[in-house]
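In what follows, a single structure is set out as structure tokens and then discussed.
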Amino acid sequence: VNLTLAEFLALPEAAQVPLIGDQAVLYASQFTRSQIDHLCAVADAARRLHRSHDGAAWLGSRVPHRMALNFFAQPSTRTFMSFNTAQAVLGLERVSVRDIGRSSMSKGESLVDSIRTYVSYVDTIVMRHPDEHAAGTAFWTASRAHRRLRVGGREVPVPVISGGSGSKHHPTQALLDVYTLSRALGSLDGRTLLLVGDLARGRTVRSLAQLARVYDDVTLLFAAPERYQMLPDITGQLDRAGVRWEVVPTLEAGLPHADAVYMTRIQDEWDGAKAGGHEAAHPDFRFERRHLDALRDHAVLLHPLPKRDEIDPAIDDLDDPRVGYWSQERNGVWMRVALLAWLFGVDKAILHPLQT
Amino acid sequence: VNLTLAEFLALPEAAQVPLIGDQAVLYASQFTRSQIDHLCAVADAARRLHRSHDGAAWLGSRVPHRMALNFFAQPSTRTFMSFNTAQAVLGLERVSVRDIGRSSMSKGESLVDSIRTYVSYVDTIVMRHPDEHAAGTAFWTASRAHRRLRVGGREVPVPVISGGSGSKHHPTQALLDVYTLSRALGSLDGRTLLLVGDLARGRTVRSLAQLARVYDDVTLLFAAPERYQMLPDITGQLDRAGVRWEVVPTLEAGLPHADAVYMTRIQDEWDGAKAGGHEAAHPDFRFERRHLDALRDHAVLLHPLPKRDEIDPAIDDLDDPRVGYWSQERNGVWMRVALLAWLFGVDKAILHPLQT
Amino acid sequence: VNLTLAEFLALPEAAQVPLIGDQAVLYASQFTRSQIDHLCAVADAARRLHRSHDGAAWLGSRVPHRMALNFFAQPSTRTFMSFNTAQAVLGLERVSVRDIGRSSMSKGESLVDSIRTYVSYVDTIVMRHPDEHAAGTAFWTASRAHRRLRVGGREVPVPVISGGSGSKHHPTQALLDVYTLSRALGSLDGRTLLLVGDLARGRTVRSLAQLARVYDDVTLLFAAPERYQMLPDITGQLDRAGVRWEVVPTLEAGLPHADAVYMTRIQDEWDGAKAGGHEAAHPDFRFERRHLDALRDHAVLLHPLPKRDEIDPAIDDLDDPRVGYWSQERNGVWMRVALLAWLFGVDKAILHPLQT
């Protein structure tokens with residue numbers, strides 16, 4: 001397939017997916033159920049191996065002499081640090097570009113040329129960018145670039161991983177979310193997830209909703225102020241995939257039915273520059289301390305973080321085992337280890353370390 | 001002890017110290033004489049080991065597969081680079097957060113939540129922060145967080161090290177200062193230290209003065225413009241600890257008595273935004289070239305650096321062996337190696353490498 | 001030789017060169033033909049070694065337990081990332097200073113004191129700075145500083161490498177350019193190079209022109225708008241060295257004679273703050289797609305990058321083997337490996353790895 005960049009970007013997501021193969025991580029939708037189960041198993045295996053000194057040393061020599069670029073054109077703490085730690089776990093060296101003003105883009109370089117340049121120097125690119133086409137542009141550019149890596153006996157392009165692209169996609173967050181849900185609930189099959197907050201612009205919650213299709217018999221409940229409700233592009237996908245979804249008027253209305261509550265923050269950074277201050281969460285969509293009484297015993301409370309006032313901060317002082325968002329962060333390290341291992345062809349070795 | 005954050009922060013420093021134990025470095029006052037002597041010995045041992053290829057390789061595998069966060073919310077070159085090198089010496093991987101605007105704090109995250117997040121991804125936090133409660137907040141948060149490290153057979157919180165907290169504390173600088181003084185003078189016992197410059201807001205000189213109590217028969221001379229004189233909180237501590245101190249009218253007045261002269265810069269960054277320019281040092285508290293004639297032969301001239309005009313720059317071209325501030329910088333690397341080794345339980349191995 | 005900084009900086013370049021020796025990389029003019037051929041051979045050897053797992057591991061243990069500082073006071077992507085990867089290839093740890101506002105210079109520290117400080121913490125300094133005397137200042141300061149490294153049985157100062165100094169010098173770029181030309185053309189002897197664009201302020205093209213003198217029978221053609229023509233300091237050097245050069249009125253006029261075309265961008269960052277926008281390339285000095293027809297079959301099209309509109313972006317989609325600027329980037333990694341290897345005394349081991 002020899003498409004121009006414009007032609008590739010004009011393709012619908014579903015038509016891009018087969019072109020991506022195992023060369024990049026751009027969309028939650030590119031992963032099948034068996035791939036996701038495999039990645040979760042690799043994440044678990046890496047976590048266990050890392051506990052012992054010898055296991056950590058073995059993991060740390062899986063991808064040596066490789067350089068990862070963490071290119072974050074938007075603020076990030078969690079995704080940046082999580083990838084950074086995951087790369088270190090596998091023995092990748094790391095460099096970052098976080099300030100466009102200090103890079104050659106300030107001299108008028110195009111994104112395509114910047115990616116071509118990165119490909120000259122590094123062996124994988126993790127990128128967060130406000131432009132929703134940025135990660136796709138990077139994948140297409142890397143796949144046609146001059147430099148190839150030798151990975152598992154094949155010549156492959158420098159792999160690109162989206163760490164958040166525009167307001168639409170955050171695939172590695174979605175994968176760490178289902179990894180967290182699997183660990184907390186055993187399986188997602190047959191579960192009801194209550195998604196709360198800014199569903200319109202929360203790329204994490206959008207990507208998570210997209211993953212529901214791979215599980216059997218999942219129900220999604222959407223609780224959001226009307227202007228922040230889940231958009232038709234996602235509900236359409238859910239309808240086509242036969243995933244049950246329902247709008248509930250408040251967090252409280254959905255709470256008794258939920259196996260997991262997934263809170264999100266009002267993404268007001270997309271509202272443009274404002275004179276200070278952040279938009280407060282609507283009272284109907286805040287998780288208060290009293291809501292813990294209505295939360296089912298086996299259920300889990302998640303949040304992609306950072307949070308503001310949409311979860312009562314007093315909840316963090318209670319040591320309630322259903323509060324899962326801090327473990328969710330740590331799970332992100334292991335899921336990203338799994339994704340990097342997959343792209344660099346060492347995932348199977350991590351699953352079966354004794355056989356290598 | 002199960003205090004809330006507010007309760008912990010409301011405790012006086014002396015009541016916080018027993019709660020800190022060997023889990024954090026927050027105050028110079030937390031260290032006893034024997035601990036300081038031990039840290040100086042570890043610093044010396046690490047320095048010696050690092051000279052040989054094999055010794056450096058052995059040191060560099062003491063704390064492998066661990067990630068250090070250098071979180072500097074204020075400008076820093078020395079402390080940042082010094083910790084960075086110290087971490088590399090011990091084999092720690094490193095990541096930094098230096099620009100709040102590019103982190104999740106720009107999305108309204110609280111410091112407590114930021115620390116909880118860091119604890120998910122890294123294995124130690126070195127932090128510099130303008131808020132004098134920041135390091136204590138980080139220690140308290142880490143000590144109650146979900147994630148524990150296995151260090152020397154114990155489960156411990158992620159250790160926090162203050163790299164400068166508000167205008168009050170800079171404990172690792174104080175430790176490297178006494179390490180430098182010990183190397184230059186043999187011992188601090190019975191010595192007279194002349195402290196010059198901005199004693200009110202110089203957190204380095206304040207922390208150093210606090211350490212005087214652990215030595216026998218130390219005399220402190222304070223030479224400063226009246227508005228920058230040592231504050232009563234420190235002189236009160238000195239009085240209670242029985243440390244002799246005296247105000248001298250000028251640098252020159254104290255010079256003939258000093259075994260060490262500790263110069264400091266006017267800390268005008270605490271004066272708020274000013275339209276360009278820096279406050280000049282008062283002539284009575286500048287170290288001029290002619291002062292070298294009055295400086296005792298065995299004495300040492302120190303400065304926490306950066307310096308401006310409070311030391312005549314021509315002095316740097318003289319190769320006078322009493323000019324100690326450049327070695328003082330390098331000593332900081334080894335003292336920080338010692339502190340990290342202590343927190344990660346490898347200090348004794350470094351002192352006695354043949355026995356491991 | 002015991003010169004003050006002012007005396008050293010007042011020396012002409014040719015008089016500075018013998019003082020630099022093998023302790024720093026400041027000027028393209030400091031390298032002889034045989035040194036350049038040697039560096040190109042080391043670069044080739046490192047590139048070959050890095051292809052195998054064992055070779056990469058061997059390379060990665062050449063300069064262990066050393067810390068490199070990448071001090072970039074001006075925006076850079078290529079030079080920064082290229083040095084970063086080169087350092088990692090040889091096993092150097094890395095730290096960077098890229099924002100003066102977050103360093104101690106914001107507290108009024110002089111450049112000399114900053115360099116003295118860096119020398120306390122790191123084992124080599126790569127620096128880019130707008131002041132054309134900055135790299136020389138750093139070399140002089142490091143050469144007189146308190147700290148020495150043990151390299152190959154000698155005590156040497158911390159080596160300084162210019163990564164671009166003022167508008168005048170960019171020696172490592174010039175070396176990677178002749179390395180690229182050598183790989184593309186076999187040898188530079190007898191070749192004609194067409195240099196196009198901003199020859200007045202392009203430090204890469206100026207440094208490249210300076211290197212022409214070491215080759216036999218090279219001809220330089222200069223194609224530039226009059227205000228951006230090559231300055232007399234360089235043409236004077238060429239005249240004295242007996243290098244043929246000629247001004248051609250347009251790119252097109254020089255094209256049929258060229259073995260290599262070296263395009264450059266209008267360096268409008270030196271024009272001071274402008275209200276948005278970049279100066280467009282003059283049509284007579286843009287490389288259009290049609291120019292590929294006139295470009296000789298064996299010739300190569302280079303650019304130090306980043307590029308803007310001076311090369312038609314459509315050219316990048318053609319996979320024309322004469323388009324050499326992307327390989328030129330990757331060549332920079334290997335030339336910088338060679339330079340670091342030379343400064344740390346491991347260049348000969350890389351050339352003859354079996355003998356070590």
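Ligands are numbered from 1 in the order shown, chains are lettered A, B, ... in the order of the structure tokens, and residues start at 1 in each chain.
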
Tell me, as a short mmCIF file (atom, residue, chain, number, x, y, z; two decimals) with N, CA and C atoms, in the first residue's frame, which residues lie within 6 Å of region 304-311 of chain C, counting only C-alpha atoms; anything in the same chain fewer than 4 positions away does not count.
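File written: out_19.cif
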data_model
loop_
_atom_site.label_atom_id
_atom_site.label_comp_id
_atom_site.auth_asym_id
_atom_site.auth_seq_id
_atom_site.Cartn_x
_atom_site.Cartn_y
_atom_site.Cartn_z
N GLU A 109 10.13 24.19 11.24
CA GLU A 109 10.14 22.84 10.68
C GLU A 109 8.75 22.22 10.76
N ARG C 265 19.05 27.14 5.18
CA ARG C 265 17.87 27.91 5.54
C ARG C 265 18.26 29.35 5.85
N ALA C 281 12.36 31.76 1.33
CA ALA C 281 13.58 31.62 0.53
C ALA C 281 13.38 32.33 -0.80
N ARG C 286 16.05 28.40 -4.26
CA ARG C 286 15.25 27.27 -3.77
C ARG C 286 15.52 26.06 -4.65
N PHE C 287 15.56 24.89 -4.05
CA PHE C 287 15.73 23.66 -4.81
C PHE C 287 14.34 23.10 -5.11
#

Shell of 12 Å around Val156 (chain C), only C-alpha atoms, local chain residues under 3 positions omitted, as a CSV table (one decimal) with N, CA, C and O atoms, in the first residue's frame:
chain,number,residue,atom,x,y,z
C,20,ILE,N,44.4,24.3,22.0
C,20,ILE,CA,43.3,23.4,22.2
C,20,ILE,C,43.7,22.0,22.2
C,20,ILE,O,43.2,21.2,23.0
C,21,GLY,N,44.6,21.6,21.3
C,21,GLY,CA,45.2,20.2,21.3
C,21,GLY,C,44.0,19.2,21.1
C,21,GLY,O,43.1,19.4,20.3
C,22,ASP,N,44.1,18.2,21.9
C,22,ASP,CA,43.0,17.2,21.9
C,22,ASP,C,42.1,17.3,23.1
C,22,ASP,O,41.6,16.3,23.6
C,23,GLN,N,42.0,18.5,23.6
C,23,GLN,CA,41.2,18.7,24.8
C,23,GLN,C,39.8,19.3,24.6
C,23,GLN,O,39.0,19.4,25.5
C,24,ALA,N,39.5,19.6,23.4
C,24,ALA,CA,38.2,20.3,23.1
C,24,ALA,C,38.0,20.2,21.6
C,24,ALA,O,38.9,20.0,20.8
C,119,VAL,N,31.9,21.6,35.6
C,119,VAL,CA,33.1,20.8,35.7
C,119,VAL,C,33.2,20.0,37.0
C,119,VAL,O,33.8,19.0,37.1
C,123,ASP,N,31.6,15.1,33.2
C,123,ASP,CA,32.9,14.7,32.7
C,123,ASP,C,33.2,15.1,31.2
C,123,ASP,O,34.2,14.9,30.7
C,124,THR,N,32.1,15.7,30.6
C,124,THR,CA,32.3,16.4,29.4
C,124,THR,C,31.2,17.4,29.2
C,124,THR,O,30.1,17.1,29.7
C,139,PHE,N,36.2,26.2,27.2
C,139,PHE,CA,37.4,25.5,27.1
C,139,PHE,C,38.5,26.0,28.1
C,139,PHE,O,39.1,25.3,28.8
C,142,ALA,N,37.5,25.3,31.7
C,142,ALA,CA,37.7,23.9,32.1
C,142,ALA,C,39.2,23.6,32.2
C,142,ALA,O,39.7,22.8,33.0
C,143,SER,N,40.0,24.2,31.3
C,143,SER,CA,41.4,23.8,31.3
C,143,SER,C,42.2,24.4,32.5
C,143,SER,O,43.3,23.9,32.8
C,144,ARG,N,41.6,25.3,33.2
C,144,ARG,CA,42.2,25.9,34.4
C,144,ARG,C,41.4,25.5,35.7
C,144,ARG,O,41.7,26.0,36.8
C,145,ALA,N,40.5,24.6,35.5
C,145,ALA,CA,39.6,24.3,36.7
C,145,ALA,C,40.2,23.3,37.6
C,145,ALA,O,41.2,22.7,37.3
C,146,HIS,N,39.7,23.3,38.8
C,146,HIS,CA,40.2,22.4,39.9
C,146,HIS,C,40.1,20.9,39.6
C,146,HIS,O,40.9,20.2,40.1
C,147,ARG,N,39.1,20.5,38.8
C,147,ARG,CA,38.9,19.1,38.6
C,147,ARG,C,39.6,18.6,37.3
C,147,ARG,O,39.5,19.2,36.3
C,148,ARG,N,40.2,17.4,37.4
C,148,ARG,CA,40.9,16.8,36.3
C,148,ARG,C,40.3,15.4,36.1
C,148,ARG,O,39.9,14.8,37.1
C,149,LEU,N,40.3,14.9,34.9
C,149,LEU,CA,39.9,13.5,34.7
C,149,LEU,C,41.1,12.7,34.4
C,149,LEU,O,42.1,13.2,33.8
C,150,ARG,N,41.0,11.4,34.7
C,150,ARG,CA,42.1,10.5,34.3
C,150,ARG,C,41.6,9.8,33.0
C,150,ARG,O,40.7,9.0,33.0
C,151,VAL,N,42.3,10.1,31.9
C,151,VAL,CA,41.9,9.5,30.6
C,151,VAL,C,43.2,8.9,30.0
C,151,VAL,O,44.2,9.7,29.7
C,152,GLY,N,43.2,7.6,29.8
C,152,GLY,CA,44.3,7.0,29.1
C,152,GLY,C,45.7,7.3,29.8
C,152,GLY,O,46.7,7.6,29.2
C,153,GLY,N,45.7,7.3,31.1
C,153,GLY,CA,46.9,7.5,31.9
C,153,GLY,C,47.3,8.9,32.1
C,153,GLY,O,48.3,9.2,32.7
C,159,PRO,N,36.7,17.7,28.9
C,159,PRO,CA,36.6,18.2,27.5
C,159,PRO,C,35.3,18.9,27.2
C,159,PRO,O,34.2,18.6,27.6
C,160,VAL,N,35.5,20.0,26.3
C,160,VAL,CA,34.4,20.8,25.9
C,160,VAL,C,34.2,20.6,24.4
C,160,VAL,O,35.2,20.6,23.6
C,343,LEU,N,38.2,12.1,22.3
C,343,LEU,CA,38.4,12.9,23.5
C,343,LEU,C,38.7,12.0,24.7
C,343,LEU,O,39.4,12.4,25.6
C,344,PHE,N,38.0,10.9,24.7
C,344,PHE,CA,38.1,10.0,25.9
C,344,PHE,C,39.1,8.8,25.6
C,344,PHE,O,39.2,7.9,26.4
C,345,GLY,N,39.9,9.0,24.5
C,345,GLY,CA,41.0,8.1,24.3
C,345,GLY,C,40.6,6.7,24.0
C,345,GLY,O,41.4,5.7,24.2

(message) Residues of chain B were defined as contacting chain A if any atom lay at most 12 Å from it, counting only C-alpha atoms; please report them as a VMD selection string.
(response) chain B and resid 2 to 5 61 to 71 91 to 123 140 to 141 144 to 151

Would you save the residues from that selection as a CSV table (one decimal), in the first residue's frame, using C-alpha atoms?
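Result file result_35.csv:
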chain,number,residue,atom,x,y,z
B,2,ASN,CA,-1.6,8.3,62.5
B,3,LEU,CA,-1.6,12.0,62.0
B,4,THR,CA,-3.4,13.9,59.3
B,5,LEU,CA,-1.2,16.0,57.0
B,61,SER,CA,25.4,-1.7,40.7
B,62,ARG,CA,24.4,-0.8,44.3
B,63,VAL,CA,20.9,0.5,43.6
B,64,PRO,CA,20.0,-0.9,40.1
B,65,HIS,CA,16.5,-1.0,38.6
B,66,ARG,CA,15.5,2.0,40.7
B,67,MET,CA,14.2,5.3,39.3
B,68,ALA,CA,14.9,8.6,41.0
B,69,LEU,CA,12.7,11.7,40.4
B,70,ASN,CA,14.4,15.1,40.6
B,71,PHE,CA,11.5,17.4,41.1
B,91,GLY,CA,23.2,3.1,39.3
B,92,LEU,CA,19.8,4.8,39.8
B,93,GLU,CA,17.9,5.7,36.7
B,94,ARG,CA,16.7,9.3,36.6
B,95,VAL,CA,13.8,11.4,35.5
B,96,SER,CA,13.1,15.1,36.2
B,97,VAL,CA,10.2,17.5,36.6
B,98,ARG,CA,11.4,21.0,36.4
B,99,ASP,CA,8.6,23.0,34.9
B,100,ILE,CA,5.3,23.0,36.7
B,101,GLY,CA,3.6,24.3,33.6
B,102,ARG,CA,4.3,21.1,31.8
B,103,SER,CA,3.1,18.8,34.6
B,104,SER,CA,-0.3,17.9,35.8
B,105,MET,CA,-0.2,20.7,38.3
B,106,SER,CA,-1.2,23.0,35.4
B,107,LYS,CA,-4.5,21.0,35.3
B,108,GLY,CA,-5.2,21.8,38.9
B,109,GLU,CA,-3.8,18.8,40.7
B,110,SER,CA,-2.9,19.2,44.4
B,111,LEU,CA,0.7,18.7,45.6
B,112,VAL,CA,-0.5,15.7,47.6
B,113,ASP,CA,-2.0,14.1,44.6
B,114,SER,CA,1.2,14.9,42.6
B,115,ILE,CA,3.3,13.2,45.2
B,116,ARG,CA,1.0,10.2,45.3
B,117,THR,CA,1.4,10.0,41.5
B,118,TYR,CA,5.2,10.3,41.7
B,119,VAL,CA,5.2,7.5,44.2
B,120,SER,CA,3.5,5.3,41.6
B,121,TYR,CA,6.3,5.7,39.2
B,122,VAL,CA,9.6,6.4,41.0
B,123,ASP,CA,11.6,4.9,43.9
B,140,TRP,CA,3.9,12.5,54.9
B,141,THR,CA,2.2,11.6,51.6
B,144,ARG,CA,0.9,6.8,53.7
B,145,ALA,CA,0.9,5.9,50.0
B,146,HIS,CA,-0.2,2.7,48.4
B,147,ARG,CA,3.2,1.7,47.2
B,148,ARG,CA,6.1,0.4,49.3
B,149,LEU,CA,9.6,-0.5,48.3
B,150,ARG,CA,11.5,-3.6,49.6
B,151,VAL,CA,14.8,-2.2,51.0

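If you lay chain C over chain A with a least-squares fit on the Cα atoms, the RMSD you get is 0.0 Å.
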
(request) From the DSSP assignment of the backbone, select every residue of region 184-247 of chain A that is alpha helix (DSSP H), and format the answer as a PyMOL selection string. (result) chain A and resi 184-185+203-211+232-241

Those residues you just picked out, can you put them in a file as a PDB file, in the first residue's frame with N, CA and C atoms?
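The resulting file, again.pdb, is reproduced below:
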ATOM      1  N   ALA A 184      -9.002  -6.090  39.039  1.00  0.00           N
ATOM      2  CA  ALA A 184      -9.914  -5.824  40.151  1.00  0.00           C
ATOM      3  C   ALA A 184     -11.140  -6.732  40.126  1.00  0.00           C
ATOM      4  N   LEU A 185     -11.614  -7.018  38.926  1.00  0.00           N
ATOM      5  CA  LEU A 185     -12.906  -7.712  38.807  1.00  0.00           C
ATOM      6  C   LEU A 185     -12.766  -9.142  38.293  1.00  0.00           C
ATOM      7  N   ARG A 203     -10.398  11.917  26.411  1.00  0.00           N
ATOM      8  CA  ARG A 203      -9.929  10.907  25.459  1.00  0.00           C
ATOM      9  C   ARG A 203      -9.706   9.568  26.145  1.00  0.00           C
ATOM     10  N   THR A 204      -9.481   9.599  27.476  1.00  0.00           N
ATOM     11  CA  THR A 204      -9.290   8.327  28.165  1.00  0.00           C
ATOM     12  C   THR A 204     -10.599   7.549  28.208  1.00  0.00           C
ATOM     13  N   VAL A 205     -11.670   8.222  28.558  1.00  0.00           N
ATOM     14  CA  VAL A 205     -12.957   7.535  28.716  1.00  0.00           C
ATOM     15  C   VAL A 205     -13.525   7.141  27.353  1.00  0.00           C
ATOM     16  N   ARG A 206     -13.238   7.925  26.358  1.00  0.00           N
ATOM     17  CA  ARG A 206     -13.653   7.577  24.990  1.00  0.00           C
ATOM     18  C   ARG A 206     -12.937   6.306  24.526  1.00  0.00           C
ATOM     19  N   SER A 207     -11.630   6.273  24.747  1.00  0.00           N
ATOM     20  CA  SER A 207     -10.874   5.097  24.326  1.00  0.00           C
ATOM     21  C   SER A 207     -11.307   3.857  25.107  1.00  0.00           C
ATOM     22  N   LEU A 208     -11.603   4.039  26.400  1.00  0.00           N
ATOM     23  CA  LEU A 208     -12.068   2.912  27.208  1.00  0.00           C
ATOM     24  C   LEU A 208     -13.405   2.369  26.674  1.00  0.00           C
ATOM     25  N   ALA A 209     -14.332   3.289  26.345  1.00  0.00           N
ATOM     26  CA  ALA A 209     -15.633   2.865  25.814  1.00  0.00           C
ATOM     27  C   ALA A 209     -15.441   2.057  24.529  1.00  0.00           C
ATOM     28  N   GLN A 210     -14.476   2.476  23.722  1.00  0.00           N
ATOM     29  CA  GLN A 210     -14.213   1.745  22.476  1.00  0.00           C
ATOM     30  C   GLN A 210     -13.772   0.312  22.736  1.00  0.00           C
ATOM     31  N   LEU A 211     -13.089   0.079  23.858  1.00  0.00           N
ATOM     32  CA  LEU A 211     -12.584  -1.260  24.139  1.00  0.00           C
ATOM     33  C   LEU A 211     -13.686  -2.189  24.637  1.00  0.00           C
ATOM     34  N   PRO A 232     -21.754  11.071  19.534  1.00  0.00           N
ATOM     35  CA  PRO A 232     -22.330  10.043  18.656  1.00  0.00           C
ATOM     36  C   PRO A 232     -21.298   9.158  17.955  1.00  0.00           C
ATOM     37  N   ASP A 233     -20.072   9.658  17.745  1.00  0.00           N
ATOM     38  CA  ASP A 233     -19.105   8.787  17.070  1.00  0.00           C
ATOM     39  C   ASP A 233     -18.861   7.529  17.893  1.00  0.00           C
ATOM     40  N   ILE A 234     -18.817   7.683  19.210  1.00  0.00           N
ATOM     41  CA  ILE A 234     -18.573   6.522  20.071  1.00  0.00           C
ATOM     42  C   ILE A 234     -19.852   5.699  20.252  1.00  0.00           C
ATOM     43  N   THR A 235     -20.969   6.369  20.529  1.00  0.00           N
ATOM     44  CA  THR A 235     -22.207   5.588  20.735  1.00  0.00           C
ATOM     45  C   THR A 235     -22.573   4.853  19.450  1.00  0.00           C
ATOM     46  N   GLY A 236     -22.272   5.440  18.324  1.00  0.00           N
ATOM     47  CA  GLY A 236     -22.506   4.740  17.049  1.00  0.00           C
ATOM     48  C   GLY A 236     -21.674   3.470  16.958  1.00  0.00           C
ATOM     49  N   GLN A 237     -20.398   3.590  17.326  1.00  0.00           N
ATOM     50  CA  GLN A 237     -19.532   2.398  17.315  1.00  0.00           C
ATOM     51  C   GLN A 237     -20.074   1.327  18.262  1.00  0.00           C
ATOM     52  N   LEU A 238     -20.545   1.774  19.429  1.00  0.00           N
ATOM     53  CA  LEU A 238     -21.072   0.826  20.410  1.00  0.00           C
ATOM     54  C   LEU A 238     -22.312   0.122  19.846  1.00  0.00           C
ATOM     55  N   ASP A 239     -23.185   0.904  19.212  1.00  0.00           N
ATOM     56  CA  ASP A 239     -24.392   0.317  18.618  1.00  0.00           C
ATOM     57  C   ASP A 239     -24.015  -0.727  17.573  1.00  0.00           C
ATOM     58  N   ARG A 240     -23.087  -0.356  16.694  1.00  0.00           N
ATOM     59  CA  ARG A 240     -22.697  -1.297  15.638  1.00  0.00           C
ATOM     60  C   ARG A 240     -22.060  -2.558  16.222  1.00  0.00           C
ATOM     61  N   ALA A 241     -21.368  -2.391  17.351  1.00  0.00           N
ATOM     62  CA  ALA A 241     -20.697  -3.551  17.963  1.00  0.00           C
ATOM     63  C   ALA A 241     -21.632  -4.309  18.917  1.00  0.00           C
TER      64      ALA A 241
END

(message) Calculated over only C-alpha atoms, which of the candidates A:Lys348, A:Arg33, A:Arg322, A:His282 has the smallest distance to Val178 (chain A)?
(response) A:Arg33

(request) Do a neighbour search on Pro283 (chain C) at 12 Å with only C-alpha atoms, toss out local chain neighbours closer than 5 positions, and write the hits as a list in words. (result) Val196, Gly197, Ala223, Ala224, Pro225, Pro249, Thr250, Leu251, Glu252, Glu288, Asp309, Glu310, Ile311 and Asp312 of chain C

Keeping only C-alpha atoms, write those residues as an mmCIF file, in the first residue's frame.
data_model
loop_
_atom_site.group_PDB
_atom_site.id
_atom_site.type_symbol
_atom_site.label_atom_id
_atom_site.label_comp_id
_atom_site.auth_asym_id
_atom_site.auth_seq_id
_atom_site.Cartn_x
_atom_site.Cartn_y
_atom_site.Cartn_z
ATOM 1 C CA VAL C 196 23.256 27.706 -1.369
ATOM 2 C CA GLY C 197 21.199 30.003 0.830
ATOM 3 C CA ALA C 223 24.821 30.820 -4.568
ATOM 4 C CA ALA C 224 23.101 33.283 -2.261
ATOM 5 C CA PRO C 225 21.121 36.522 -2.227
ATOM 6 C CA PRO C 249 24.147 34.044 -9.659
ATOM 7 C CA THR C 250 21.588 31.298 -8.978
ATOM 8 C CA LEU C 251 21.310 27.742 -7.759
ATOM 9 C CA GLU C 252 20.500 26.732 -11.307
ATOM 10 C CA GLU C 288 12.626 22.761 -6.812
ATOM 11 C CA ASP C 309 10.711 26.173 1.931
ATOM 12 C CA GLU C 310 14.190 26.219 0.388
ATOM 13 C CA ILE C 311 13.686 22.603 -0.724
ATOM 14 C CA ASP C 312 10.373 21.556 -2.304
#
